[in-house]
Amino acid sequence: MPAGPVTAYAPGRVNLIGDHTDYTGGLALPMAIDLGTTVTVEAQEDWVEVTSDQLDGTARFAAAGDVEGGVTPGWASLVATVKASIAPSMGARVTIRSTLPVGAGLSSSASLTVATAMALGFEGAPWDLVDLARAAEQSATGVPCGILDQAAVTLARAGHALLLDCHSRRVTHVPVPPDLEVVVAHSGLPRSLSESAYPHRVAACRAAEEIVGPLRTASLTDLSSIEDPVVARRARHVVTENQRVRDLAATLATGERRALGDLLAESQASLRDDYEVSAPAVDSLVDALRASRGVIGARLTGAGFGGCVVALVEPGTKLPGSWRHWRVDPSAGARRLAHGVTSG
Ligand code: GLA
């Protein structure tokens, strides 16, 4: 660890399509966004102190102590868990600054864990960083998440969406055409995954896979052998969503507006009706956007249960209403690479 402070930055992500597919080894198409987390680590003796510009309280715990049961305040458990796996006995003052709204479905947790790991001097291959960050999140929050968020935050490139195969871990960088704008809008409904039905959705997919084998290779016909109607609907979402990811990645290359809009609409309907992870506030926002001039399509992004919507729009489109929103700067994915870890 260098003598001076080390600062690292990691972006958040928006998922264009492919939600609730990662934990069955399916496909997703996320992008880095230009909101993110900056973490500064300064080595000190014996104690770890963690502060955040967005969250209240200071966490203070012994550097070599056991953090498995969590630390107080709870939001610092992510940092404590990452630190325990990279620099178990190091004392440090950790300062977090974030432009990402927490609990909005834009991967504030993955952005924090990846930035923390880099600021702590993580050395290793990008996929090792993804695995470390996911393991830390699972252990600190108890949420059985997949690799979507950590992979997007670590691997996405500027101007491109990341076509991510969560089974083979093959990634393809898909250019986002310059005549398309990606906008993220917040429904205003915050959500916490650890208190959500997320683990039940993961369990339903496991139940489906016990009957039909891996959902990533299953066809809709295969699903007819699932008797439980709820499990069958969950599985249908996963199978159809994987195909929509392939289709959206291909359609981005042609830029065909109607096809892009239809795919986003089908994904939204599937998340709402088959997977049941939307919420009235999210549905209203999607409907208002879709009815608005210049909007090509919109859908819930991330885990759901509230949070944000992603929209593809014609450049310069003015969004309706007063929802908080952000235009995704195509250069977003480059920032981590250009200004990642700086010492001094
Ligand atoms: C959360 C999880 C991801 C993924 C998405 C839904 O963001 O952390 O692993 O499952 O929900 O696509």
# chains A, B, ... in the order shown; residues from 1 in each chain; ligands from 1
$ select_by_dssp --residues "range 216-325 of chain A" --states "helix (DSSP H, G or I)" --output "MDAnalysis selection string"
chainID A and resid 222:225 229:254 257:274 280:290
$ write_last_selection --atoms "C-alpha atoms" --output "PDB file, in the first residue's frame"
ATOM      1  CA  ASP A 222     -39.587 -27.621 -22.585  1.00  0.00           C
ATOM      2  CA  LEU A 223     -41.401 -25.466 -20.023  1.00  0.00           C
ATOM      3  CA  SER A 224     -44.725 -27.241 -20.605  1.00  0.00           C
ATOM      4  CA  SER A 225     -43.585 -29.957 -18.194  1.00  0.00           C
ATOM      5  CA  PRO A 229     -48.073 -22.070 -12.833  1.00  0.00           C
ATOM      6  CA  VAL A 230     -45.986 -19.529 -10.910  1.00  0.00           C
ATOM      7  CA  VAL A 231     -42.718 -21.394 -11.506  1.00  0.00           C
ATOM      8  CA  ALA A 232     -43.695 -21.807 -15.172  1.00  0.00           C
ATOM      9  CA  ARG A 233     -44.232 -18.054 -15.568  1.00  0.00           C
ATOM     10  CA  ARG A 234     -40.916 -17.233 -13.910  1.00  0.00           C
ATOM     11  CA  ALA A 235     -39.170 -19.680 -16.251  1.00  0.00           C
ATOM     12  CA  ARG A 236     -40.989 -18.253 -19.278  1.00  0.00           C
ATOM     13  CA  HIS A 237     -39.679 -14.795 -18.434  1.00  0.00           C
ATOM     14  CA  VAL A 238     -36.092 -16.077 -18.318  1.00  0.00           C
ATOM     15  CA  VAL A 239     -36.320 -18.027 -21.580  1.00  0.00           C
ATOM     16  CA  THR A 240     -37.984 -15.193 -23.512  1.00  0.00           C
ATOM     17  CA  GLU A 241     -35.741 -12.511 -21.980  1.00  0.00           C
ATOM     18  CA  ASN A 242     -32.583 -14.345 -23.092  1.00  0.00           C
ATOM     19  CA  GLN A 243     -33.893 -14.271 -26.670  1.00  0.00           C
ATOM     20  CA  ARG A 244     -34.747 -10.579 -26.366  1.00  0.00           C
ATOM     21  CA  VAL A 245     -31.158  -9.842 -25.334  1.00  0.00           C
ATOM     22  CA  ARG A 246     -29.869 -11.510 -28.528  1.00  0.00           C
ATOM     23  CA  ASP A 247     -32.464  -9.631 -30.567  1.00  0.00           C
ATOM     24  CA  LEU A 248     -31.787  -6.225 -29.006  1.00  0.00           C
ATOM     25  CA  ALA A 249     -28.017  -6.613 -29.468  1.00  0.00           C
ATOM     26  CA  ALA A 250     -28.602  -7.397 -33.153  1.00  0.00           C
ATOM     27  CA  THR A 251     -31.154  -4.590 -33.575  1.00  0.00           C
ATOM     28  CA  LEU A 252     -28.812  -1.969 -32.101  1.00  0.00           C
ATOM     29  CA  ALA A 253     -26.653  -2.527 -35.188  1.00  0.00           C
ATOM     30  CA  THR A 254     -29.522  -1.730 -37.562  1.00  0.00           C
ATOM     31  CA  ARG A 257     -36.778   2.036 -34.134  1.00  0.00           C
ATOM     32  CA  ARG A 258     -39.931  -0.068 -34.159  1.00  0.00           C
ATOM     33  CA  ALA A 259     -38.052  -3.301 -33.384  1.00  0.00           C
ATOM     34  CA  LEU A 260     -36.093  -1.649 -30.535  1.00  0.00           C
ATOM     35  CA  GLY A 261     -39.296  -0.275 -29.006  1.00  0.00           C
ATOM     36  CA  ASP A 262     -41.123  -3.595 -29.315  1.00  0.00           C
ATOM     37  CA  LEU A 263     -38.323  -5.520 -27.586  1.00  0.00           C
ATOM     38  CA  LEU A 264     -38.259  -3.077 -24.665  1.00  0.00           C
ATOM     39  CA  ALA A 265     -42.068  -3.251 -24.403  1.00  0.00           C
ATOM     40  CA  GLU A 266     -42.032  -7.065 -24.417  1.00  0.00           C
ATOM     41  CA  SER A 267     -39.365  -7.119 -21.727  1.00  0.00           C
ATOM     42  CA  GLN A 268     -41.363  -4.724 -19.554  1.00  0.00           C
ATOM     43  CA  ALA A 269     -44.526  -6.830 -19.960  1.00  0.00           C
ATOM     44  CA  SER A 270     -42.628 -10.001 -19.088  1.00  0.00           C
ATOM     45  CA  LEU A 271     -41.030  -8.456 -15.981  1.00  0.00           C
ATOM     46  CA  ARG A 272     -44.421  -7.105 -14.907  1.00  0.00           C
ATOM     47  CA  ASP A 273     -46.662 -10.096 -15.651  1.00  0.00           C
ATOM     48  CA  ASP A 274     -44.491 -13.231 -15.671  1.00  0.00           C
ATOM     49  CA  PRO A 280     -47.280   0.630 -10.222  1.00  0.00           C
ATOM     50  CA  ALA A 281     -44.914   3.627 -10.026  1.00  0.00           C
ATOM     51  CA  VAL A 282     -42.558   1.961 -12.509  1.00  0.00           C
ATOM     52  CA  ASP A 283     -45.385   0.931 -14.862  1.00  0.00           C
ATOM     53  CA  SER A 284     -46.756   4.514 -14.888  1.00  0.00           C
ATOM     54  CA  LEU A 285     -43.334   5.926 -15.687  1.00  0.00           C
ATOM     55  CA  VAL A 286     -42.822   3.421 -18.527  1.00  0.00           C
ATOM     56  CA  ASP A 287     -46.292   4.230 -19.927  1.00  0.00           C
ATOM     57  CA  ALA A 288     -45.719   7.986 -19.739  1.00  0.00           C
ATOM     58  CA  LEU A 289     -42.374   7.673 -21.489  1.00  0.00           C
ATOM     59  CA  ARG A 290     -43.705   5.389 -24.206  1.00  0.00           C
TER      60      ARG A 290
END
$ residues_near_ligand --ligand "ligand 1" --cutoff "7 Å" --atoms "only C-alpha atoms and all ligand atoms" --output "PyMOL selection string"
chain A and resi 18-23+105+107+145-149+302-303
$ write_last_selection --atoms "C-alpha atoms" --output "short mmCIF file (atom, residue, chain, number, x, y, z; two decimals), in the first residue's frame"
data_model
loop_
_atom_site.label_atom_id
_atom_site.label_comp_id
_atom_site.auth_asym_id
_atom_site.auth_seq_id
_atom_site.Cartn_x
_atom_site.Cartn_y
_atom_site.Cartn_z
CA GLY A 18 -31.75 -8.99 -19.83
CA ASP A 19 -32.95 -8.73 -16.25
CA HIS A 20 -33.21 -11.68 -13.87
CA THR A 21 -31.27 -13.83 -16.32
CA ASP A 22 -27.79 -13.67 -14.80
CA TYR A 23 -28.26 -16.13 -11.93
CA GLY A 105 -31.31 -0.23 -9.47
CA SER A 107 -25.69 -0.82 -9.11
CA CYS A 145 -27.20 -11.91 -6.74
CA GLY A 146 -25.69 -12.87 -10.08
CA ILE A 147 -22.69 -11.27 -11.83
CA LEU A 148 -24.51 -8.72 -13.98
CA ASP A 149 -23.73 -5.63 -11.92
CA GLY A 302 -32.24 -3.86 -12.80
CA ALA A 303 -33.91 -5.96 -10.16
#
$ residues_around --residues "Ala59 in chain A" --least-positions-apart "3" --cutoff "10 Å" --atoms "only C-alpha atoms" --output "list of chain:residue names"
A:Val48, A:Glu49, A:Val50, A:Thr51, A:Ser52, A:Asp56, A:Val71, A:Thr72, A:Pro73, A:Gly74, A:Trp75, A:Ala76, A:Ser77, A:Val79, A:Ala80, A:Val94
$ write_last_selection --atoms "N, CA, C and O atoms" --output "compact mmCIF listing (two decimals), in the first residue's frame"
# COMPACT_ATOMS: atom_id res chain seq x y z
N VAL A 48 -10.26 0.79 11.22
CA VAL A 48 -10.85 1.17 9.93
C VAL A 48 -11.99 2.14 10.22
O VAL A 48 -12.82 1.89 11.10
N GLU A 49 -11.99 3.23 9.48
CA GLU A 49 -13.08 4.20 9.62
C GLU A 49 -13.66 4.44 8.24
O GLU A 49 -12.91 4.68 7.29
N VAL A 50 -14.97 4.37 8.13
CA VAL A 50 -15.61 4.52 6.82
C VAL A 50 -16.67 5.61 6.90
O VAL A 50 -17.55 5.57 7.76
N THR A 51 -16.57 6.58 5.98
CA THR A 51 -17.60 7.63 5.92
C THR A 51 -18.10 7.74 4.48
O THR A 51 -17.40 7.38 3.54
N SER A 52 -19.33 8.25 4.35
CA SER A 52 -19.93 8.40 3.03
C SER A 52 -20.60 9.75 2.94
O SER A 52 -21.19 10.22 3.91
N ASP A 56 -25.58 8.21 6.40
CA ASP A 56 -25.27 8.76 7.72
C ASP A 56 -24.36 7.84 8.53
O ASP A 56 -24.40 6.63 8.40
N VAL A 71 -21.07 -4.73 10.14
CA VAL A 71 -20.58 -3.64 10.97
C VAL A 71 -21.69 -2.59 11.06
O VAL A 71 -22.68 -2.66 10.34
N THR A 72 -21.50 -1.63 11.92
CA THR A 72 -22.51 -0.57 12.09
C THR A 72 -21.90 0.76 11.67
O THR A 72 -20.77 1.04 12.06
N PRO A 73 -22.62 1.61 10.92
CA PRO A 73 -23.89 1.35 10.26
C PRO A 73 -23.78 0.29 9.16
O PRO A 73 -22.71 0.10 8.57
N GLY A 74 -24.91 -0.36 8.89
CA GLY A 74 -24.94 -1.52 8.00
C GLY A 74 -24.40 -1.26 6.60
O GLY A 74 -23.83 -2.16 5.98
N TRP A 75 -24.56 -0.02 6.09
CA TRP A 75 -24.13 0.24 4.71
C TRP A 75 -22.63 0.03 4.56
O TRP A 75 -22.14 -0.21 3.45
N ALA A 76 -21.88 0.12 5.67
CA ALA A 76 -20.41 -0.02 5.58
C ALA A 76 -19.98 -1.49 5.51
O ALA A 76 -18.80 -1.78 5.30
N SER A 77 -20.93 -2.42 5.67
CA SER A 77 -20.57 -3.85 5.64
C SER A 77 -19.96 -4.26 4.30
O SER A 77 -19.08 -5.12 4.24
N VAL A 79 -18.03 -2.44 2.39
CA VAL A 79 -16.63 -2.01 2.43
C VAL A 79 -15.83 -2.95 3.33
O VAL A 79 -14.73 -3.40 2.99
N ALA A 80 -16.40 -3.26 4.50
CA ALA A 80 -15.70 -4.12 5.47
C ALA A 80 -15.42 -5.49 4.87
O ALA A 80 -14.34 -6.07 5.06
N VAL A 94 -11.45 5.22 5.07
CA VAL A 94 -12.09 5.03 3.76
C VAL A 94 -13.16 6.10 3.58
O VAL A 94 -14.08 6.22 4.40
$ closest_residue --among "A:Asp131, A:Ala185, A:Ala151, A:Ala62" --to "Gly321 in chain A" --atoms "only C-alpha atoms"
A:Ala185
$ closest_residue --among "A:Cys308, A:Ala10, A:Asp228, A:Val67" --to "Ala104 in chain A" --atoms "only C-alpha atoms"
A:Cys308
$ select_by_dssp --residues "range 153-311 of chain A" --states "strand (DSSP E)" --output "list in words"
His160, Ala161, Leu162, Leu163, Leu164, Asp165, Val171, Thr172, His173, Val174, Pro175, Glu181, Val182, Val183, Val184, Ala185, His186, Val295, Ile296, Gly297, Ala298, Arg299, Leu300, Cys308, Val309, Val310 and Ala311 of chain A
$ residues_around --residues "Ala208 in chain A" --least-positions-apart "2" --cutoff "7 Å" --atoms "only C-alpha atoms" --output "PyMOL selection string"
chain A and resi 204-206+210-212+226+231+235
$ write_last_selection --atoms "N, CA and C atoms" --output "tab-separated table (two decimals), in the first residue's frame"
chain	number	residue	atom	x	y	z
A	204	ALA	N	-37.35	-19.81	-7.42
A	204	ALA	CA	-38.29	-20.30	-8.45
A	204	ALA	C	-37.52	-20.79	-9.68
A	205	CYS	N	-36.46	-20.07	-10.03
A	205	CYS	CA	-35.65	-20.50	-11.19
A	205	CYS	C	-34.97	-21.84	-10.90
A	206	ARG	N	-34.48	-21.99	-9.66
A	206	ARG	CA	-33.85	-23.28	-9.29
A	206	ARG	C	-34.88	-24.41	-9.40
A	210	GLU	N	-34.73	-27.72	-11.85
A	210	GLU	CA	-34.77	-29.12	-11.41
A	210	GLU	C	-35.65	-29.96	-12.33
A	211	ILE	N	-36.62	-29.31	-12.96
A	211	ILE	CA	-37.54	-30.04	-13.84
A	211	ILE	C	-37.04	-30.06	-15.29
A	212	VAL	N	-36.58	-28.90	-15.77
A	212	VAL	CA	-36.27	-28.82	-17.22
A	212	VAL	C	-34.78	-28.69	-17.53
A	226	ILE	N	-43.53	-28.06	-16.64
A	226	ILE	CA	-43.56	-27.46	-15.29
A	226	ILE	C	-45.03	-27.29	-14.88
A	231	VAL	N	-44.08	-21.02	-11.07
A	231	VAL	CA	-42.72	-21.39	-11.51
A	231	VAL	C	-42.64	-21.36	-13.04
A	235	ALA	N	-40.07	-19.07	-15.27
A	235	ALA	CA	-39.17	-19.68	-16.25
A	235	ALA	C	-39.42	-19.09	-17.64
$ closest_residue --among "A:Pro88, A:Gly213, A:Pro144, A:Pro330" --to "Pro178 in chain A" --atoms "only C-alpha atoms"
A:Pro330
$ atom_distance --atom1 "CA of Pro11 in chain A" --atom2 "CA of Ser331 in chain A"
11.2 Å
$ residues_around --residues "Met90 in chain A" --least-positions-apart "4" --cutoff "12 Å" --atoms "only C-alpha atoms" --output "compact mmCIF listing (two decimals) with N, CA and C atoms, in the first residue's frame"
# COMPACT_ATOMS: atom_id res chain seq x y z
N MET A 1 0.86 -1.21 0.00
CA MET A 1 0.00 0.00 0.00
C MET A 1 0.89 1.24 0.00
N VAL A 41 -8.78 5.68 -0.07
CA VAL A 41 -8.29 4.88 1.06
C VAL A 41 -6.96 5.44 1.52
N GLU A 42 -6.88 5.71 2.80
CA GLU A 42 -5.62 6.18 3.38
C GLU A 42 -5.26 5.22 4.51
N ALA A 43 -4.08 4.62 4.39
CA ALA A 43 -3.68 3.63 5.40
C ALA A 43 -3.47 4.30 6.75
N GLN A 44 -3.87 3.61 7.81
CA GLN A 44 -3.59 4.07 9.18
C GLN A 44 -3.46 2.83 10.05
N GLU A 45 -3.08 3.03 11.30
CA GLU A 45 -2.84 1.86 12.15
C GLU A 45 -4.13 1.33 12.76
N ASP A 46 -4.26 0.07 12.85
CA ASP A 46 -5.21 -0.65 13.72
C ASP A 46 -6.71 -0.54 13.43
N TRP A 47 -7.17 0.67 13.07
CA TRP A 47 -8.61 0.87 12.96
C TRP A 47 -9.03 1.16 11.52
N VAL A 48 -10.26 0.79 11.22
CA VAL A 48 -10.85 1.17 9.93
C VAL A 48 -11.99 2.14 10.22
N GLU A 49 -11.99 3.23 9.48
CA GLU A 49 -13.08 4.20 9.62
C GLU A 49 -13.66 4.44 8.24
N PHE A 61 -14.23 0.13 13.13
CA PHE A 61 -14.03 -1.23 13.62
C PHE A 61 -12.56 -1.60 13.58
N ALA A 62 -12.20 -2.59 14.39
CA ALA A 62 -10.80 -3.00 14.47
C ALA A 62 -10.38 -3.62 13.14
N ALA A 63 -9.19 -3.22 12.65
CA ALA A 63 -8.74 -3.65 11.33
C ALA A 63 -8.71 -5.16 11.22
N ALA A 64 -8.24 -5.83 12.24
CA ALA A 64 -8.10 -7.28 12.14
C ALA A 64 -9.32 -8.02 12.70
N GLY A 65 -10.36 -7.26 13.05
CA GLY A 65 -11.54 -7.88 13.68
C GLY A 65 -12.36 -8.70 12.68
N ALA A 80 -16.40 -3.26 4.50
CA ALA A 80 -15.70 -4.12 5.47
C ALA A 80 -15.42 -5.49 4.87
N VAL A 82 -15.18 -6.32 1.61
CA VAL A 82 -14.16 -6.23 0.55
C VAL A 82 -12.78 -6.10 1.19
N LYS A 83 -12.69 -5.25 2.20
CA LYS A 83 -11.39 -5.05 2.86
C LYS A 83 -10.89 -6.34 3.49
N ALA A 84 -11.81 -7.08 4.12
CA ALA A 84 -11.40 -8.33 4.77
C ALA A 84 -10.83 -9.33 3.76
N SER A 85 -11.32 -9.27 2.50
CA SER A 85 -10.78 -10.25 1.56
C SER A 85 -9.53 -9.76 0.83
N ILE A 86 -9.27 -8.46 0.85
CA ILE A 86 -8.07 -7.97 0.14
C ILE A 86 -6.93 -7.63 1.09
N VAL A 94 -11.45 5.22 5.07
CA VAL A 94 -12.09 5.03 3.76
C VAL A 94 -13.16 6.10 3.58
N LEU A 120 -8.13 -0.24 -2.55
CA LEU A 120 -7.36 -1.03 -1.59
C LEU A 120 -6.18 -1.74 -2.26
N GLY A 121 -6.02 -1.50 -3.56
CA GLY A 121 -4.87 -2.05 -4.27
C GLY A 121 -5.12 -3.43 -4.85
$ atom_distance --atom1 "CA of Ala279 in chain A" --atom2 "CA of Leu319 in chain A"
20.3 Å
$ residues_around --residues "range 194-203 of chain A" --least-positions-apart "5" --cutoff "7 Å" --atoms "only C-alpha atoms" --output "list in words"
Thr141, Gly142, Val143 and Pro144 of chain A
$ closest_residue --among "A:Leu215, A:Val102, A:Ala115, A:Leu78" --to "Ser139 in chain A" --atoms "only C-alpha atoms"
A:Leu78
$ decode --residues "range 287-315 of chain A" --atoms "N, CA, C and O atoms" --output "PDB file, in the first residue's frame"
ATOM      1  N   ASP A 287     -45.183   3.839 -19.042  1.00  0.00           N
ATOM      2  CA  ASP A 287     -46.292   4.230 -19.927  1.00  0.00           C
ATOM      3  C   ASP A 287     -46.172   5.691 -20.362  1.00  0.00           C
ATOM      4  O   ASP A 287     -46.378   6.023 -21.526  1.00  0.00           O
ATOM      5  N   ALA A 288     -45.828   6.560 -19.401  1.00  0.00           N
ATOM      6  CA  ALA A 288     -45.719   7.986 -19.739  1.00  0.00           C
ATOM      7  C   ALA A 288     -44.587   8.206 -20.744  1.00  0.00           C
ATOM      8  O   ALA A 288     -44.724   8.990 -21.696  1.00  0.00           O
ATOM      9  N   LEU A 289     -43.494   7.511 -20.560  1.00  0.00           N
ATOM     10  CA  LEU A 289     -42.374   7.673 -21.489  1.00  0.00           C
ATOM     11  C   LEU A 289     -42.757   7.173 -22.875  1.00  0.00           C
ATOM     12  O   LEU A 289     -42.508   7.829 -23.882  1.00  0.00           O
ATOM     13  N   ARG A 290     -43.385   5.986 -22.902  1.00  0.00           N
ATOM     14  CA  ARG A 290     -43.705   5.389 -24.206  1.00  0.00           C
ATOM     15  C   ARG A 290     -44.682   6.252 -24.994  1.00  0.00           C
ATOM     16  O   ARG A 290     -44.679   6.242 -26.228  1.00  0.00           O
ATOM     17  N   ALA A 291     -45.527   6.997 -24.262  1.00  0.00           N
ATOM     18  CA  ALA A 291     -46.519   7.837 -24.943  1.00  0.00           C
ATOM     19  C   ALA A 291     -45.911   9.164 -25.393  1.00  0.00           C
ATOM     20  O   ALA A 291     -46.586  10.002 -25.988  1.00  0.00           O
ATOM     21  N   SER A 292     -44.639   9.356 -25.098  1.00  0.00           N
ATOM     22  CA  SER A 292     -44.043  10.669 -25.319  1.00  0.00           C
ATOM     23  C   SER A 292     -43.279  10.707 -26.652  1.00  0.00           C
ATOM     24  O   SER A 292     -42.590   9.752 -27.002  1.00  0.00           O
ATOM     25  N   ARG A 293     -43.402  11.817 -27.341  1.00  0.00           N
ATOM     26  CA  ARG A 293     -42.747  11.995 -28.635  1.00  0.00           C
ATOM     27  C   ARG A 293     -41.220  11.864 -28.498  1.00  0.00           C
ATOM     28  O   ARG A 293     -40.638  12.421 -27.575  1.00  0.00           O
ATOM     29  N   GLY A 294     -40.630  11.133 -29.412  1.00  0.00           N
ATOM     30  CA  GLY A 294     -39.167  10.992 -29.408  1.00  0.00           C
ATOM     31  C   GLY A 294     -38.677   9.806 -28.603  1.00  0.00           C
ATOM     32  O   GLY A 294     -37.495   9.461 -28.657  1.00  0.00           O
ATOM     33  N   VAL A 295     -39.581   9.183 -27.822  1.00  0.00           N
ATOM     34  CA  VAL A 295     -39.164   8.011 -27.035  1.00  0.00           C
ATOM     35  C   VAL A 295     -39.377   6.752 -27.880  1.00  0.00           C
ATOM     36  O   VAL A 295     -40.480   6.483 -28.357  1.00  0.00           O
ATOM     37  N   ILE A 296     -38.311   6.000 -28.070  1.00  0.00           N
ATOM     38  CA  ILE A 296     -38.366   4.793 -28.907  1.00  0.00           C
ATOM     39  C   ILE A 296     -38.904   3.614 -28.090  1.00  0.00           C
ATOM     40  O   ILE A 296     -39.663   2.786 -28.583  1.00  0.00           O
ATOM     41  N   GLY A 297     -38.517   3.534 -26.841  1.00  0.00           N
ATOM     42  CA  GLY A 297     -38.997   2.456 -25.982  1.00  0.00           C
ATOM     43  C   GLY A 297     -38.475   2.641 -24.575  1.00  0.00           C
ATOM     44  O   GLY A 297     -37.538   3.413 -24.340  1.00  0.00           O
ATOM     45  N   ALA A 298     -39.104   1.940 -23.614  1.00  0.00           N
ATOM     46  CA  ALA A 298     -38.704   2.071 -22.211  1.00  0.00           C
ATOM     47  C   ALA A 298     -39.047   0.797 -21.462  1.00  0.00           C
ATOM     48  O   ALA A 298     -40.010   0.100 -21.811  1.00  0.00           O
ATOM     49  N   ARG A 299     -38.256   0.505 -20.474  1.00  0.00           N
ATOM     50  CA  ARG A 299     -38.523  -0.662 -19.616  1.00  0.00           C
ATOM     51  C   ARG A 299     -37.846  -0.466 -18.263  1.00  0.00           C
ATOM     52  O   ARG A 299     -36.909   0.321 -18.138  1.00  0.00           O
ATOM     53  N   LEU A 300     -38.355  -1.224 -17.305  1.00  0.00           N
ATOM     54  CA  LEU A 300     -37.730  -1.277 -15.985  1.00  0.00           C
ATOM     55  C   LEU A 300     -36.294  -1.791 -16.149  1.00  0.00           C
ATOM     56  O   LEU A 300     -36.031  -2.618 -17.010  1.00  0.00           O
ATOM     57  N   THR A 301     -35.359  -1.294 -15.356  1.00  0.00           N
ATOM     58  CA  THR A 301     -33.982  -1.769 -15.457  1.00  0.00           C
ATOM     59  C   THR A 301     -33.488  -2.231 -14.091  1.00  0.00           C
ATOM     60  O   THR A 301     -33.803  -1.611 -13.077  1.00  0.00           O
ATOM     61  N   GLY A 302     -32.757  -3.348 -14.070  1.00  0.00           N
ATOM     62  CA  GLY A 302     -32.238  -3.860 -12.798  1.00  0.00           C
ATOM     63  C   GLY A 302     -33.225  -4.823 -12.162  1.00  0.00           C
ATOM     64  O   GLY A 302     -34.084  -5.400 -12.831  1.00  0.00           O
ATOM     65  N   ALA A 303     -33.121  -4.947 -10.860  1.00  0.00           N
ATOM     66  CA  ALA A 303     -33.910  -5.962 -10.160  1.00  0.00           C
ATOM     67  C   ALA A 303     -35.401  -5.658 -10.127  1.00  0.00           C
ATOM     68  O   ALA A 303     -36.228  -6.553 -10.046  1.00  0.00           O
ATOM     69  N   GLY A 304     -35.758  -4.368 -10.166  1.00  0.00           N
ATOM     70  CA  GLY A 304     -37.178  -4.016 -10.082  1.00  0.00           C
ATOM     71  C   GLY A 304     -37.617  -3.785  -8.654  1.00  0.00           C
ATOM     72  O   GLY A 304     -36.803  -3.391  -7.814  1.00  0.00           O
ATOM     73  N   PHE A 305     -38.892  -3.985  -8.368  1.00  0.00           N
ATOM     74  CA  PHE A 305     -39.497  -3.691  -7.060  1.00  0.00           C
ATOM     75  C   PHE A 305     -39.412  -2.180  -6.788  1.00  0.00           C
ATOM     76  O   PHE A 305     -39.370  -1.742  -5.641  1.00  0.00           O
ATOM     77  N   GLY A 306     -39.364  -1.372  -7.836  1.00  0.00           N
ATOM     78  CA  GLY A 306     -39.143   0.075  -7.714  1.00  0.00           C
ATOM     79  C   GLY A 306     -37.920   0.428  -8.532  1.00  0.00           C
ATOM     80  O   GLY A 306     -37.530  -0.316  -9.435  1.00  0.00           O
ATOM     81  N   GLY A 307     -37.306   1.574  -8.225  1.00  0.00           N
ATOM     82  CA  GLY A 307     -36.063   1.933  -8.901  1.00  0.00           C
ATOM     83  C   GLY A 307     -36.272   2.600 -10.247  1.00  0.00           C
ATOM     84  O   GLY A 307     -37.228   3.346 -10.433  1.00  0.00           O
ATOM     85  N   CYS A 308     -35.377   2.320 -11.173  1.00  0.00           N
ATOM     86  CA  CYS A 308     -35.287   3.104 -12.413  1.00  0.00           C
ATOM     87  C   CYS A 308     -35.798   2.395 -13.652  1.00  0.00           C
ATOM     88  O   CYS A 308     -35.919   1.177 -13.701  1.00  0.00           O
ATOM     89  N   VAL A 309     -36.045   3.237 -14.652  1.00  0.00           N
ATOM     90  CA  VAL A 309     -36.473   2.801 -15.976  1.00  0.00           C
ATOM     91  C   VAL A 309     -35.400   3.254 -16.961  1.00  0.00           C
ATOM     92  O   VAL A 309     -34.807   4.322 -16.784  1.00  0.00           O
ATOM     93  N   VAL A 310     -35.123   2.432 -17.980  1.00  0.00           N
ATOM     94  CA  VAL A 310     -34.202   2.850 -19.039  1.00  0.00           C
ATOM     95  C   VAL A 310     -35.030   3.132 -20.283  1.00  0.00           C
ATOM     96  O   VAL A 310     -35.977   2.402 -20.580  1.00  0.00           O
ATOM     97  N   ALA A 311     -34.682   4.198 -20.993  1.00  0.00           N
ATOM     98  CA  ALA A 311     -35.398   4.519 -22.232  1.00  0.00           C
ATOM     99  C   ALA A 311     -34.393   4.770 -23.344  1.00  0.00           C
ATOM    100  O   ALA A 311     -33.318   5.330 -23.106  1.00  0.00           O
ATOM    101  N   LEU A 312     -34.739   4.341 -24.541  1.00  0.00           N
ATOM    102  CA  LEU A 312     -33.981   4.718 -25.734  1.00  0.00           C
ATOM    103  C   LEU A 312     -34.765   5.843 -26.381  1.00  0.00           C
ATOM    104  O   LEU A 312     -35.977   5.711 -26.601  1.00  0.00           O
ATOM    105  N   VAL A 313     -34.090   6.947 -26.661  1.00  0.00           N
ATOM    106  CA  VAL A 313     -34.797   8.121 -27.191  1.00  0.00           C
ATOM    107  C   VAL A 313     -34.027   8.719 -28.364  1.00  0.00           C
ATOM    108  O   VAL A 313     -32.824   8.498 -28.521  1.00  0.00           O
ATOM    109  N   GLU A 314     -34.757   9.490 -29.171  1.00  0.00           N
ATOM    110  CA  GLU A 314     -34.087  10.253 -30.230  1.00  0.00           C
ATOM    111  C   GLU A 314     -33.275  11.359 -29.561  1.00  0.00           C
ATOM    112  O   GLU A 314     -33.691  11.889 -28.515  1.00  0.00           O
ATOM    113  N   PRO A 315     -32.119  11.712 -30.125  1.00  0.00           N
ATOM    114  CA  PRO A 315     -31.287  12.735 -29.484  1.00  0.00           C
ATOM    115  C   PRO A 315     -32.067  14.016 -29.195  1.00  0.00           C
ATOM    116  O   PRO A 315     -32.860  14.458 -30.022  1.00  0.00           O
TER     117      PRO A 315
END
